[in-house]
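This is start-v2.txt (compact mmCIF, C-alpha atoms and all ligand atoms).
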# COMPACT_ATOMS: atom_id res chain seq x y z
CA MET A 23 -20.44 19.38 -24.80
CA THR A 24 -19.95 21.04 -28.19
CA VAL A 25 -19.77 19.03 -31.41
CA PHE A 26 -16.01 19.59 -31.47
CA ASP A 27 -15.62 18.52 -27.88
CA ARG A 28 -17.48 15.33 -28.68
CA LEU A 29 -15.41 14.61 -31.79
CA PHE A 30 -12.23 15.11 -29.82
CA ALA A 31 -13.50 13.01 -26.94
CA ASP A 32 -14.55 10.16 -29.21
CA SER A 33 -11.27 10.06 -31.09
CA THR A 34 -9.43 10.13 -27.76
CA LEU A 35 -11.55 7.26 -26.50
CA SER A 36 -10.94 5.17 -29.58
CA GLN A 37 -7.19 5.77 -29.31
CA LEU A 38 -7.32 4.66 -25.71
CA GLN A 39 -9.33 1.60 -26.66
CA GLN A 40 -6.59 0.72 -29.13
CA LYS A 41 -4.10 0.89 -26.28
CA ASP A 42 -6.35 -1.39 -24.25
CA ALA A 43 -6.48 -3.88 -27.12
CA ARG A 44 -2.67 -4.21 -26.87
CA ASP A 45 -2.62 -4.38 -23.05
CA PRO A 46 -0.83 -7.56 -21.91
CA LEU A 47 -2.65 -7.39 -18.55
CA ALA A 48 -6.15 -6.84 -19.95
CA HIS A 49 -7.20 -10.42 -19.18
CA LYS A 50 -6.58 -9.85 -15.45
CA ARG A 51 -9.72 -7.78 -15.10
CA ALA A 52 -11.73 -10.99 -15.35
CA SER A 53 -10.02 -12.14 -12.12
CA PHE A 54 -11.90 -9.50 -10.11
CA LEU A 55 -15.47 -8.86 -9.09
CA LEU A 56 -16.16 -5.25 -10.00
CA PRO A 57 -19.66 -3.79 -9.84
CA GLU A 58 -21.25 -2.55 -13.07
CA GLY A 59 -21.39 1.18 -13.68
CA VAL A 60 -18.55 2.02 -11.33
CA VAL A 61 -15.01 3.20 -12.04
CA TYR A 62 -13.20 2.03 -8.94
CA LEU A 63 -10.23 4.30 -8.27
CA ASP A 64 -9.78 3.36 -4.63
CA GLY A 65 -7.84 0.12 -4.82
CA ASN A 66 -5.13 1.97 -2.91
CA SER A 67 -7.47 2.05 0.09
CA LEU A 68 -9.29 -1.26 -0.34
CA GLY A 69 -8.29 -3.52 -3.22
CA ALA A 70 -11.14 -5.07 -5.22
CA LEU A 71 -12.25 -8.65 -4.59
CA PRO A 72 -10.30 -11.31 -6.52
CA LEU A 73 -12.70 -14.01 -7.67
CA THR A 74 -10.60 -16.79 -6.15
CA VAL A 75 -11.28 -15.48 -2.66
CA PRO A 76 -14.96 -16.34 -1.99
CA ALA A 77 -14.49 -19.99 -2.97
CA ARG A 78 -11.38 -20.25 -0.83
CA LEU A 79 -13.14 -18.72 2.15
CA ALA A 80 -16.06 -21.11 1.72
CA ARG A 81 -13.69 -24.08 1.58
CA VAL A 82 -11.75 -22.97 4.63
CA ALA A 83 -14.95 -22.38 6.59
CA GLU A 84 -16.92 -25.45 5.55
CA GLU A 85 -14.26 -28.10 5.02
CA GLU A 86 -11.25 -27.06 7.05
CA TRP A 87 -13.01 -25.47 10.00
CA GLY A 88 -16.40 -27.21 9.82
CA GLY A 89 -15.17 -30.62 8.71
CA GLN A 90 -11.61 -31.09 9.90
CA LEU A 91 -11.95 -28.91 13.00
CA ILE A 92 -8.80 -28.71 15.13
CA ARG A 93 -6.99 -31.15 12.84
CA SER A 94 -6.64 -28.40 10.23
CA TRP A 95 -3.82 -26.78 12.18
CA THR A 96 -1.51 -29.58 11.19
CA ALA A 97 -3.41 -31.69 8.61
CA ASN A 98 -2.19 -31.79 5.01
CA ALA A 99 1.11 -30.09 5.80
CA GLU A 100 2.67 -32.01 2.87
CA ALA A 101 0.06 -30.50 0.54
CA ALA A 102 0.81 -27.06 2.04
CA GLN A 103 -2.70 -26.79 3.44
CA ASP A 104 -2.07 -26.76 7.18
CA TRP A 105 -3.04 -23.63 9.06
CA MET A 106 0.12 -23.53 11.18
CA ASN A 107 2.41 -22.67 8.29
CA LEU A 108 -0.09 -20.49 6.45
CA PRO A 109 1.66 -17.24 7.55
CA ASP A 110 4.91 -18.55 6.07
CA ARG A 111 3.28 -19.54 2.79
CA VAL A 112 1.72 -16.11 2.44
CA ALA A 113 5.09 -14.52 3.29
CA ALA A 114 6.68 -16.57 0.50
CA LYS A 115 4.14 -15.19 -1.99
CA ILE A 116 4.74 -11.59 -0.90
CA ALA A 117 8.55 -11.89 -0.88
CA PRO A 118 9.07 -11.74 -4.68
CA LEU A 119 6.77 -8.72 -4.93
CA ILE A 120 9.02 -6.73 -2.59
CA GLY A 121 12.48 -7.99 -3.52
CA ALA A 122 12.88 -10.09 -0.38
CA GLN A 123 13.70 -13.69 0.53
CA PRO A 124 10.82 -15.67 2.05
CA HIS A 125 12.60 -16.03 5.43
CA GLU A 126 12.88 -12.21 5.63
CA VAL A 127 9.09 -11.72 5.58
CA ALA A 128 6.47 -12.34 8.28
CA VAL A 129 2.73 -11.98 7.80
CA GLY A 130 0.21 -11.17 10.50
CA ASP A 131 -1.27 -8.32 12.56
CA SER A 132 -1.98 -4.85 11.22
CA THR A 133 0.56 -2.50 9.66
CA SER A 134 0.36 -0.38 12.80
CA VAL A 135 1.33 -3.29 15.05
CA ASN A 136 4.13 -4.31 12.71
CA ILE A 137 5.50 -0.76 12.78
CA PHE A 138 5.68 -1.10 16.56
CA LYS A 139 7.54 -4.42 16.31
CA LEU A 140 10.12 -3.00 13.90
CA LEU A 141 10.57 0.28 15.75
CA ALA A 142 11.27 -1.65 18.94
CA ALA A 143 13.73 -3.98 17.21
CA ALA A 144 15.55 -1.18 15.38
CA LEU A 145 15.78 1.19 18.36
CA HIS A 146 17.22 -1.65 20.43
CA MET A 147 19.88 -2.26 17.76
CA ALA A 148 20.85 1.39 17.29
CA PRO A 149 23.72 2.83 19.37
CA PRO A 150 22.20 4.25 22.58
CA GLU A 151 23.59 7.76 22.06
CA ARG A 152 21.47 8.15 18.93
CA ARG A 153 18.19 9.60 20.17
CA VAL A 154 16.32 10.78 17.06
CA ILE A 155 13.61 9.01 15.06
CA LEU A 156 13.53 10.88 11.76
CA THR A 157 10.25 10.90 9.89
CA ASP A 158 8.34 12.77 7.22
CA ALA A 159 6.09 15.49 8.64
CA ASP A 160 3.38 14.27 6.24
CA ASN A 161 3.78 10.63 7.12
CA PHE A 162 0.63 8.57 7.63
CA PRO A 163 -0.68 9.27 11.15
CA THR A 164 -0.46 5.70 12.44
CA ASP A 165 3.27 5.62 11.74
CA LEU A 166 3.72 8.74 13.88
CA TYR A 167 1.34 7.52 16.59
CA MET A 168 3.07 4.15 16.96
CA ALA A 169 6.41 5.90 17.37
CA GLN A 170 4.89 8.24 19.97
CA GLY A 171 3.43 5.31 21.93
CA LEU A 172 6.63 3.30 21.95
CA ASN A 173 8.63 6.35 22.91
CA ALA A 174 6.31 6.91 25.88
CA LEU A 175 6.91 3.32 26.97
CA LEU A 176 10.66 3.94 26.69
CA GLY A 177 10.41 6.95 29.01
CA GLU A 178 10.50 9.56 26.21
CA LYS A 179 14.12 8.67 25.58
CA TYR A 180 13.79 9.55 21.90
CA GLU A 181 12.86 12.61 19.92
CA LEU A 182 10.44 12.02 17.06
CA ARG A 183 11.66 14.52 14.47
CA PRO A 184 9.15 15.13 11.64
CA VAL A 185 10.62 17.16 8.78
CA PRO A 186 9.26 18.09 5.33
CA GLY A 187 10.04 15.47 2.67
CA ALA A 188 12.42 17.80 0.85
CA GLU A 189 14.52 18.20 4.02
CA LEU A 190 14.90 14.54 4.88
CA GLU A 191 18.30 14.17 3.29
CA ALA A 192 19.74 17.19 5.10
CA ASN A 193 18.51 15.73 8.38
CA LEU A 194 20.39 12.43 8.10
CA THR A 195 22.77 13.34 10.90
CA GLY A 196 24.84 11.51 13.49
CA ASP A 197 22.20 11.80 16.22
CA VAL A 198 19.58 9.88 14.20
CA ALA A 199 18.90 6.28 15.24
CA LEU A 200 16.51 5.44 12.43
CA THR A 201 14.27 6.78 9.70
CA LEU A 202 10.59 5.86 9.59
CA LEU A 203 9.41 6.75 6.09
CA THR A 204 6.56 5.86 3.78
CA GLU A 205 7.85 5.36 0.26
CA VAL A 206 4.74 6.77 -1.46
CA ASP A 207 2.95 9.64 0.27
CA TYR A 208 -0.68 8.65 0.86
CA ARG A 209 -1.94 12.13 0.04
CA THR A 210 0.18 13.43 -2.82
CA GLY A 211 1.39 10.15 -4.31
CA HIS A 212 4.95 11.52 -4.17
CA ARG A 213 7.45 8.68 -4.14
CA LEU A 214 10.71 8.92 -2.23
CA ASP A 215 13.96 7.52 -3.59
CA MET A 216 14.14 4.46 -1.34
CA ALA A 217 17.50 3.20 -2.61
CA GLY A 218 19.11 6.65 -2.53
CA LEU A 219 17.85 7.60 0.93
CA THR A 220 18.74 4.18 2.35
CA ALA A 221 22.29 4.45 1.04
CA LYS A 222 22.66 7.96 2.47
CA ALA A 223 21.20 6.89 5.80
CA HIS A 224 23.65 4.00 6.00
CA ARG A 225 26.55 6.34 5.32
CA HIS A 226 25.56 8.09 8.55
CA GLY A 227 25.04 4.84 10.46
CA ILE A 228 21.24 5.20 10.41
CA LEU A 229 18.80 2.27 10.18
CA THR A 230 15.79 2.53 7.87
CA ILE A 231 12.18 1.39 8.26
CA TRP A 232 10.15 1.70 5.05
CA ASP A 233 6.36 1.68 4.97
CA LEU A 234 5.31 0.11 1.66
CA ALA A 235 1.53 0.57 2.11
CA HIS A 236 1.24 2.25 -1.31
CA SER A 237 4.10 0.36 -2.95
CA ALA A 238 3.63 -3.40 -2.53
CA GLY A 239 1.60 -4.70 -5.46
CA ALA A 240 1.57 -1.26 -7.09
CA PHE A 241 5.01 -1.46 -8.77
CA PRO A 242 8.17 -3.56 -8.47
CA VAL A 243 9.77 -3.09 -5.06
CA ASP A 244 13.34 -4.22 -4.46
CA LEU A 245 14.07 -4.07 -0.74
CA ASN A 246 17.31 -6.05 -0.93
CA GLY A 247 18.41 -4.16 -4.03
CA ALA A 248 17.90 -0.95 -2.04
CA GLY A 249 19.76 -2.38 0.96
CA ALA A 250 16.71 -1.70 3.16
CA ASP A 251 16.91 -2.75 6.80
CA PHE A 252 13.25 -3.08 7.76
CA ALA A 253 9.90 -2.62 6.04
CA VAL A 254 6.18 -3.05 6.57
CA GLY A 255 3.29 -3.09 4.13
CA CYS A 256 -0.41 -3.44 3.84
CA GLY A 257 -2.39 -6.53 2.80
CA TYR A 258 -5.67 -4.86 1.85
CA LYS A 259 -4.53 -2.12 -0.54
CA PHE A 260 -2.75 -3.10 -3.78
CA LEU A 261 -2.45 -6.72 -2.57
CA ASN A 262 -6.27 -7.05 -2.52
CA GLY A 263 -6.38 -9.20 0.63
CA GLY A 264 -9.72 -7.81 1.84
CA PRO A 265 -10.79 -5.43 4.61
CA GLY A 266 -8.35 -5.55 7.51
CA ALA A 267 -6.17 -8.17 5.79
CA PRO A 268 -3.00 -9.09 7.69
CA SER A 269 -0.01 -6.92 6.93
CA PHE A 270 3.60 -7.96 6.33
CA LEU A 271 6.95 -7.00 7.74
CA PHE A 272 10.47 -7.43 6.41
CA VAL A 273 13.70 -7.80 8.36
CA ALA A 274 16.84 -7.98 6.20
CA GLY A 275 18.60 -11.32 6.56
CA ARG A 276 21.78 -9.65 7.83
CA HIS A 277 19.88 -8.24 10.84
CA GLN A 278 18.02 -11.34 11.87
CA ASP A 279 20.44 -12.39 14.58
CA SER A 280 20.66 -8.93 16.12
CA ALA A 281 17.03 -7.79 15.71
CA ARG A 282 14.81 -8.88 18.55
CA ALA A 283 11.11 -9.74 18.48
CA PHE A 284 9.87 -7.88 21.56
CA LEU A 285 6.25 -8.90 20.98
CA SER A 286 7.46 -12.40 21.69
CA GLY A 287 4.34 -14.52 21.43
CA TRP A 288 4.19 -18.28 21.39
CA MET A 289 3.55 -18.48 17.64
CA GLY A 290 6.92 -16.88 17.04
CA HIS A 291 8.60 -19.49 19.23
CA ALA A 292 10.90 -22.02 17.58
CA ASP A 293 8.64 -24.82 18.86
CA PRO A 294 5.31 -23.47 20.14
CA PHE A 295 4.02 -26.81 21.37
CA GLU A 296 7.11 -27.49 23.41
CA MET A 297 5.31 -25.13 25.82
CA ALA A 298 8.69 -24.02 27.14
CA ARG A 299 8.93 -21.38 29.85
CA ASP A 300 11.35 -19.18 27.92
CA PHE A 301 11.06 -17.65 24.48
CA THR A 302 13.36 -19.11 21.86
CA PRO A 303 12.74 -17.30 18.57
CA ALA A 304 11.79 -19.26 15.46
CA PRO A 305 14.33 -19.00 12.66
CA GLY A 306 13.99 -16.06 10.29
CA ALA A 307 11.13 -13.61 10.32
CA ARG A 308 8.63 -16.19 11.63
CA ARG A 309 9.57 -14.97 15.12
CA TYR A 310 7.53 -11.82 14.45
CA VAL A 311 4.31 -13.85 14.17
CA VAL A 312 2.92 -13.18 17.61
CA GLY A 313 -0.29 -15.07 18.33
CA THR A 314 -2.50 -17.62 16.66
CA PRO A 315 -2.64 -16.91 12.92
CA THR A 316 -5.91 -15.34 11.71
CA VAL A 317 -6.72 -18.19 9.37
CA LEU A 318 -9.78 -16.72 7.65
CA SER A 319 -8.16 -13.43 6.70
CA LEU A 320 -4.84 -15.08 5.90
CA SER A 321 -6.64 -17.48 3.57
CA ALA A 322 -8.30 -14.59 1.76
CA LEU A 323 -4.93 -12.86 1.32
CA ASP A 324 -3.30 -16.12 0.25
CA ALA A 325 -5.89 -16.66 -2.50
CA ALA A 326 -5.78 -12.98 -3.52
CA LEU A 327 -2.01 -13.11 -4.04
CA ASP A 328 -2.37 -15.80 -6.71
CA VAL A 329 -3.48 -13.05 -9.08
CA PHE A 330 0.15 -11.87 -9.08
CA ALA A 331 1.68 -15.31 -9.74
CA ASP A 332 2.16 -14.80 -13.50
CA VAL A 333 2.43 -11.00 -13.50
CA ASP A 334 5.66 -9.36 -14.59
CA MET A 335 5.83 -6.39 -12.22
CA ASN A 336 7.76 -4.36 -14.80
CA VAL A 337 4.87 -4.78 -17.22
CA LEU A 338 2.48 -3.83 -14.43
CA ARG A 339 4.53 -0.70 -13.74
CA ALA A 340 4.58 0.29 -17.41
CA LYS A 341 0.80 0.02 -17.52
CA SER A 342 0.42 1.93 -14.26
CA LEU A 343 2.47 4.80 -15.68
CA SER A 344 0.49 4.74 -18.90
CA LEU A 345 -2.78 4.92 -16.93
CA THR A 346 -1.60 7.73 -14.67
CA ASP A 347 -0.03 9.66 -17.58
CA THR A 348 -3.31 9.34 -19.47
CA PHE A 349 -5.27 10.54 -16.48
CA ILE A 350 -3.02 13.57 -15.92
CA GLU A 351 -3.22 14.43 -19.62
CA LEU A 352 -7.02 14.09 -19.87
CA MET A 353 -7.40 16.17 -16.71
CA GLU A 354 -5.36 19.05 -18.12
CA PRO A 355 -8.29 20.99 -19.68
CA LEU A 356 -10.08 20.68 -16.32
CA THR A 357 -7.11 21.96 -14.32
CA ALA A 358 -7.05 24.97 -16.67
CA GLN A 359 -10.74 25.66 -16.11
CA TYR A 360 -11.32 24.81 -12.46
CA PRO A 361 -9.41 25.39 -9.20
CA LEU A 362 -7.70 22.01 -9.46
CA GLU A 363 -4.02 21.65 -8.72
CA LEU A 364 -2.05 18.53 -9.57
CA VAL A 365 0.02 17.60 -6.50
CA THR A 366 1.45 14.33 -7.81
CA PRO A 367 4.82 14.63 -9.55
CA ARG A 368 4.77 14.19 -13.33
CA ASN A 369 8.21 12.60 -13.17
CA HIS A 370 7.75 8.83 -13.31
CA ASP A 371 10.43 8.09 -10.72
CA GLU A 372 8.71 10.34 -8.22
CA ARG A 373 5.28 8.80 -8.16
CA GLY A 374 3.50 5.59 -7.28
CA SER A 375 0.20 4.43 -8.76
CA GLN A 376 -2.06 7.26 -7.64
CA VAL A 377 -2.76 10.79 -8.81
CA SER A 378 -4.01 13.55 -6.51
CA TYR A 379 -5.35 17.04 -6.96
CA ARG A 380 -6.07 19.84 -4.57
CA HIS A 381 -9.49 21.44 -4.83
CA PRO A 382 -10.97 23.94 -2.35
CA GLN A 383 -14.20 21.87 -2.19
CA ALA A 384 -12.47 18.51 -2.39
CA ARG A 385 -14.76 16.86 0.15
CA GLU A 386 -17.95 17.88 -1.65
CA VAL A 387 -16.54 17.13 -5.09
CA MET A 388 -15.54 13.61 -4.02
CA GLN A 389 -18.94 13.03 -2.46
CA LYS A 390 -20.62 13.92 -5.78
CA LEU A 391 -18.12 11.82 -7.71
CA ILE A 392 -18.82 8.78 -5.56
CA GLU A 393 -22.57 9.29 -6.04
CA SER A 394 -21.95 9.36 -9.80
CA GLY A 395 -20.00 6.09 -9.75
CA VAL A 396 -16.41 7.37 -9.84
CA LEU A 397 -14.98 6.05 -6.59
CA GLY A 398 -11.84 7.84 -5.47
CA ASP A 399 -11.33 9.29 -2.04
CA TYR A 400 -10.95 12.50 -0.16
CA ARG A 401 -8.06 13.17 2.21
CA THR A 402 -7.75 16.17 4.51
CA PRO A 403 -7.49 19.04 4.00
CA ASP A 404 -8.26 19.41 0.28
CA ILE A 405 -7.06 16.35 -1.61
CA LEU A 406 -8.91 14.37 -4.28
CA ARG A 407 -7.11 11.04 -4.53
CA PHE A 408 -7.39 8.58 -7.41
CA GLY A 409 -5.70 5.19 -7.25
CA PHE A 410 -4.93 3.20 -10.41
CA THR A 411 -4.70 -0.56 -10.35
CA PRO A 412 -3.16 -1.95 -13.55
CA LEU A 413 -4.63 -5.39 -12.88
CA TYR A 414 -8.18 -4.20 -13.44
CA HIS A 415 -8.17 -0.75 -15.00
CA SER A 416 -8.24 0.02 -18.69
CA HIS A 417 -7.40 3.29 -20.40
CA ALA A 418 -11.09 3.50 -21.27
CA ASP A 419 -11.83 3.48 -17.52
CA VAL A 420 -9.52 6.46 -17.15
CA TRP A 421 -11.44 8.25 -19.89
CA ARG A 422 -14.78 7.43 -18.21
CA ALA A 423 -13.47 8.68 -14.87
CA VAL A 424 -12.40 12.00 -16.38
CA GLN A 425 -15.81 12.41 -18.07
CA GLY A 426 -17.42 11.83 -14.67
CA ILE A 427 -15.12 14.36 -12.99
CA LYS A 428 -15.89 16.87 -15.75
CA ARG A 429 -19.63 16.49 -15.23
CA VAL A 430 -19.36 16.90 -11.47
CA LEU A 431 -17.17 20.00 -11.77
CA GLU A 432 -19.57 21.55 -14.29
CA ASN A 433 -22.49 20.98 -11.94
CA GLU A 434 -20.53 22.25 -8.94
CA VAL A 435 -19.83 25.50 -10.73
CA LEU A 436 -23.46 25.76 -11.71
CA GLU A 437 -24.54 25.29 -8.12
CA GLU A 438 -22.07 27.90 -6.92
CA GLY A 439 -23.44 30.27 -9.55
CA GLU A 440 -26.94 29.59 -8.29
CA ARG A 441 -25.89 30.27 -4.71
CA THR A 442 -24.53 33.74 -5.43
C1 LIG A 501 -3.02 2.37 5.01
C2 LIG A 501 -1.77 2.69 5.72
C3 LIG A 501 -1.48 2.09 6.94
C4 LIG A 501 -2.53 1.22 7.58
O1 LIG A 501 -2.25 0.76 8.84
P1 LIG A 501 -3.26 -0.27 9.49
O2 LIG A 501 -2.64 -0.64 10.75
O3 LIG A 501 -3.43 -1.41 8.53
O4 LIG A 501 -4.57 0.41 9.67
C5 LIG A 501 -0.25 2.34 7.51
N1 LIG A 501 0.64 3.17 6.91
C6 LIG A 501 0.36 3.77 5.73
C7 LIG A 501 1.36 4.66 5.10
C8 LIG A 501 -0.85 3.56 5.12
O5 LIG A 501 -1.14 4.16 3.98

For this file, produce the structure as structure tokens.
Amino acid sequence: MTVFDRLFADSTLSQLQQKDARDPLAHKRASFLLPEGVVYLDGNSLGALPLTVPARLARVAEEEWGGQLIRSWTANAEAAQDWMNLPDRVAAKIAPLIGAQPHEVAVGDSTSVNIFKLLAAALHMAPPERRVILTDADNFPTDLYMAQGLNALLGEKYELRPVPGAELEANLTGDVALTLLTEVDYRTGHRLDMAGLTAKAHRHGILTIWDLAHSAGAFPVDLNGAGADFAVGCGYKFLNGGPGAPSFLFVAGRHQDSARAFLSGWMGHADPFEMARDFTPAPGARRYVVGTPTVLSLSALDAALDVFADVDMNVLRAKSLSLTDTFIELMEPLTAQYPLELVTPRNHDERGSQVSYRHPQAREVMQKLIESGVLGDYRTPDILRFGFTPLYHSHADVWRAVQGIKRVLENEVLEEGERT
């Protein structure tokens, strides 16, 4: 680093620190356990640990499971501490984060399984002559795989039609039964216009399923404002529910009488302990809870969601954009110098809370970055992905991350020079 570089860097850092001093969410960092010496830019893959979670897990294990045993399923229902209604309480905490009513949300199972439930419900509702499931060619693999599996079960009645994101709108045609789209692309961070595409789909009589894996907890989501039909989302990314946390699904209130829960398990029954021979669905989205709730992981997610209780999601979004703008700006000298290509849109409306770059040695670069304490991730074929979590990142973290990336790129070039 030259003297001038250092002067510039220091004045940049102090400007960023001034921004941090005015950050209304700065105090939230103290709600998370984050290891020293690490800039964690992978909360979009596994959210960091909220400090409320370990104590809650200990209480559930020692007191509720160890002490109360089977009684915990129904004990303390008045105090909202029974296990039976835990999925509904977690759903009620997620609902305001996604612009939904509590009875429109169900929590349990993985995102993959919930995609299956919604695909089955939506295909059953769509007019039988509509035979196309329209999806983004770059959609997350599990979304595509679940559609392929269900279609096989249905005798390959449908055509899964993957098209490039830019061609989605032109493909909203009369033969399409439903769209299966992820709002924010997991590789590029490109964000689709959920409200606009939903409205256009509806004009053609098409149902919509939105995957909110990189949306929920990352910025304000307004499913009902967008007129969405169905949605799923992930509990362990921006919602910080822990590895393999239960996911959520959304069924718009207007569809709840016509949408059917085909994975009709006893915990989605209106009265599970009636032990009736036939399935009568519980009211609202609770019918999509299939089997016995996973109390330990639901409890972790429940405690984790409390971090959001007093967060204005518009403030969170403003900070997210400030962090990602800062990152893109600080990375500019590096993109000029190295074979780095920004693949995330600069336009605020077209991105989520991650920034990605292409680099021909992305895998190796990310490996070195992780070794140096800047934790992002690599995605095939050549993507460096950095997730920003406004609850625990500062602008100074962004600066530190870019310094780390700069060092790694400098060394990479050196090594390449040595090789030739
Ligand atoms: C992370 C992610 C999933 C995860 O599905 P799981 O069943 O929880 O493994 C699904 N869809 C998208 C778009 C994702 O990014």

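Comparing the minimum interatomic distances between Asp332 in chain A and each of A:Ile427, A:Leu202, A:Met147, A:Leu47, counting all atoms listed in the file, we find that A:Leu47 sits nearest.
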
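Contact shell of Pro150 in chain A at 9 Å (all atoms listed in the file; same-chain neighbours under 4 positions omitted): Leu145, His146 and Ala199 of chain A.
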
Counting all atoms listed in the file, the residue of A:Gly247, A:Gly395, A:Gly306, A:Pro268 that sits nearest Pro109 in chain A:
A:Pro268

Taking all atoms listed in the file into account, report as a compact mmCIF listing (two decimals) with C-alpha atoms, in the coordinates of the input which residues have an atom no farther than 10 Å from an atom of ligand LIG 501 (chain A).
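Full text of out.txt as output:
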# COMPACT_ATOMS: atom_id res chain seq x y z
CA ASN A 66 -5.13 1.97 -2.91
CA SER A 67 -7.47 2.05 0.09
CA LEU A 68 -9.29 -1.26 -0.34
CA ASP A 131 -1.27 -8.32 12.56
CA SER A 132 -1.98 -4.85 11.22
CA THR A 133 0.56 -2.50 9.66
CA SER A 134 0.36 -0.38 12.80
CA VAL A 135 1.33 -3.29 15.05
CA ASN A 136 4.13 -4.31 12.71
CA ILE A 137 5.50 -0.76 12.78
CA ASP A 160 3.38 14.27 6.24
CA ASN A 161 3.78 10.63 7.12
CA PHE A 162 0.63 8.57 7.63
CA PRO A 163 -0.68 9.27 11.15
CA THR A 164 -0.46 5.70 12.44
CA ASP A 165 3.27 5.62 11.74
CA LEU A 166 3.72 8.74 13.88
CA MET A 168 3.07 4.15 16.96
CA LEU A 203 9.41 6.75 6.09
CA THR A 204 6.56 5.86 3.78
CA GLU A 205 7.85 5.36 0.26
CA VAL A 206 4.74 6.77 -1.46
CA ASP A 207 2.95 9.64 0.27
CA TYR A 208 -0.68 8.65 0.86
CA ARG A 209 -1.94 12.13 0.04
CA TRP A 232 10.15 1.70 5.05
CA ASP A 233 6.36 1.68 4.97
CA LEU A 234 5.31 0.11 1.66
CA ALA A 235 1.53 0.57 2.11
CA HIS A 236 1.24 2.25 -1.31
CA SER A 237 4.10 0.36 -2.95
CA VAL A 254 6.18 -3.05 6.57
CA GLY A 255 3.29 -3.09 4.13
CA CYS A 256 -0.41 -3.44 3.84
CA GLY A 257 -2.39 -6.53 2.80
CA TYR A 258 -5.67 -4.86 1.85
CA LYS A 259 -4.53 -2.12 -0.54
CA PRO A 265 -10.79 -5.43 4.61
CA GLY A 266 -8.35 -5.55 7.51
CA ALA A 267 -6.17 -8.17 5.79
CA PRO A 268 -3.00 -9.09 7.69
CA SER A 269 -0.01 -6.92 6.93
CA PHE A 270 3.60 -7.96 6.33

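Across the structure, CA of Leu271 in chain A and CA of Val129 in chain A are spaced 6.5 Å apart.
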
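Using all atoms listed in the file for every distance, the candidate list A:Ala304, A:Ala384, A:Leu413, A:Ala143 yields A:Leu413 as the residue closest to Val329 in chain A.
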
Nearest-residue call for Arg368 in chain A, choices A:Gly211, A:Gly171, A:Pro305, A:Pro186, using only C-alpha atoms
A:Gly211

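For Glu178 in chain A, the set of protein, DNA and RNA residues having any atom at most 12 Å away, when counting only C-alpha atoms and skipping those fewer than 5 positions along the same chain, is A:Arg153, A:Val154, A:Ile155, A:Ala169, A:Gln170, A:Gly171, A:Leu172, A:Asn173.
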
Residues within 12 Å of Gln359 in chain A, all atoms listed in the file, excluding chain neighbours under 4 positions, as a PyMOL selection string
chain A and resi 353-355+363+428+431-432+435

Contacts of Arg51 in chain A within 12 Å, all atoms listed in the file, excl. fewer than 5 positions in-chain, as a PyMOL selection string
chain A and resi 42+45-46+56-57+70-73+329+411-416+419

Just give me the gap between CA of Ser378 in chain A and CA of Thr348 in chain A in Å, one decimal is fine.
13.6 Å

Using CA of Gln123 in chain A and CA of Lys341 in chain A as the two end points, give the distance in Å to one decimal.
26.1 Å

Any idea what's packed within 12 Å of Glu58 in chain A, counting all atoms listed in the file, ignoring anything in its chain fewer than 3 positions away? Could you give it as a PDB file with C-alpha atoms, keeping the file's coordinate frame?
ATOM      1  CA  LEU A  55     -15.470  -8.860  -9.090  1.00  0.00           C
ATOM      2  CA  VAL A  61     -15.010   3.200 -12.040  1.00  0.00           C
ATOM      3  CA  TYR A  62     -13.200   2.030  -8.940  1.00  0.00           C
ATOM      4  CA  GLY A 395     -20.000   6.090  -9.750  1.00  0.00           C
ATOM      5  CA  VAL A 396     -16.410   7.370  -9.840  1.00  0.00           C
TER       6      VAL A 396
END

In the coordinate frame of the file, compute which residues have an atom within 12 Å of (-6.0, 9.2, -6.7) when using only C-alpha atoms, and state them as a PyMOL selection string.
chain A and resi 62-67+207-212+236+345-346+349-350+364-366+373-380+388+396-401+405-411+420+423-424

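When only C-alpha atoms are used to compute distances to Asp328 in chain A, the closest of the residues A:Val112, A:Ala52, A:Leu182, A:Leu38 turns out to be A:Val112.
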
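Ranking A:Ala358, A:Ala325, A:Val127, A:Val317 by their shortest atom-to-atom distance to Ala77 in chain A, with only C-alpha atoms included, puts A:Ala325 first.
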
With all atoms listed in the file counted, which protein, DNA or RNA residues have an atom no more than 9 Å from (12.0, 19.2, 12.2) in the file frame? Please answer as a PDB file with C-alpha atoms, keeping the file's coordinate frame.
ATOM      1  CA  LEU A 156      13.530  10.880  11.760  1.00  0.00           C
ATOM      2  CA  THR A 157      10.250  10.900   9.890  1.00  0.00           C
ATOM      3  CA  ASP A 158       8.340  12.770   7.220  1.00  0.00           C
ATOM      4  CA  ALA A 159       6.090  15.490   8.640  1.00  0.00           C
ATOM      5  CA  LEU A 182      10.440  12.020  17.060  1.00  0.00           C
ATOM      6  CA  ARG A 183      11.660  14.520  14.470  1.00  0.00           C
ATOM      7  CA  PRO A 184       9.150  15.130  11.640  1.00  0.00           C
ATOM      8  CA  VAL A 185      10.620  17.160   8.780  1.00  0.00           C
ATOM      9  CA  PRO A 186       9.260  18.090   5.330  1.00  0.00           C
ATOM     10  CA  GLU A 189      14.520  18.200   4.020  1.00  0.00           C
ATOM     11  CA  ASN A 193      18.510  15.730   8.380  1.00  0.00           C
TER      12      ASN A 193
END
